[in-house]
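Student: Here it is, the structure, as structure tokens.
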Amino acid sequence: MESAGSIICYWIIALAIVIFSVLTVTTRKILRAATYLLFTLFATAALYFKLDYEFLGSVQIAVYAGGIVVLFVFSILLTTRPGDNSEQLESRKRLLGLLGAIAAAGACGWALCSRCADIFTSAPAMSNPTMHEIGTAMLGTGYGQYLLPFEAVSVLLLACIIGGVVVARKR
């Protein structure tokens, strides 16, 4: 049985994630949106730490909150004036966005329900992986390992940085 303080802490973190996520996509100032994204990522890391996933919490802070948000901020500062407001969306675009969000939520719900249908029948025994096993799974080249996607994302981020510099130099 969990303590009341632990449950309250979970709800505070979950509420922070929801509030900052909504603020990220609803603000019209792009630099402010990047700041709200940073707070969302920190709250997600806090949730990982609360669940005793220290490695995931550390990666969340180092890679996402540290690296990706800094990359976003540099890209914003290189390509736009940070104090400018983004354009107001037309109603047709809002309706398409709402329909897309509903379709995506439905697809995610279906995937979650179909994937977890047999979770109550038999659950495999869980074990804590070592750092070596995590490193091999993340950066291995075998089946189900993630070196190729990791390198693809690295090349994509490098292309984004180069594109931002090229756009900034044309001005």
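Residue numbers start at 1 in each chain; chains themselves are named A, B, ... in the order of the structure tokens; ligands are numbered from 1 in the order shown.
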Stretch 1-155 of chain A: which residues are helix (DSSP H, G or I) by DSSP, as number ranges by chain?
Tutor: A: 4-26, 30-50, 54-79, 91-115, 131-139, 147-155
Student: Between atom CA of A:Leu78 and atom CA of A:Gly164, what distance in Å does the model show, to one decimal?
Tutor: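 So the two atoms, atom CA of A:Leu78 and atom CA of A:Gly164, lie 6.3 Å apart.
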Student: Enter the distance from atom CA of A:Asp52 to atom CA of A:Phe150, in Å, rounded to one decimal.
Tutor: 25.1 Å
Student: Between A:Val25, A:Ala46, A:Gly142, A:Leu15, which residue has the minimum interatomic distance to A:Ser58, considering only C-alpha atoms?
Tutor: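 Smallest separation from A:Ser58 among the options: A:Ala46.
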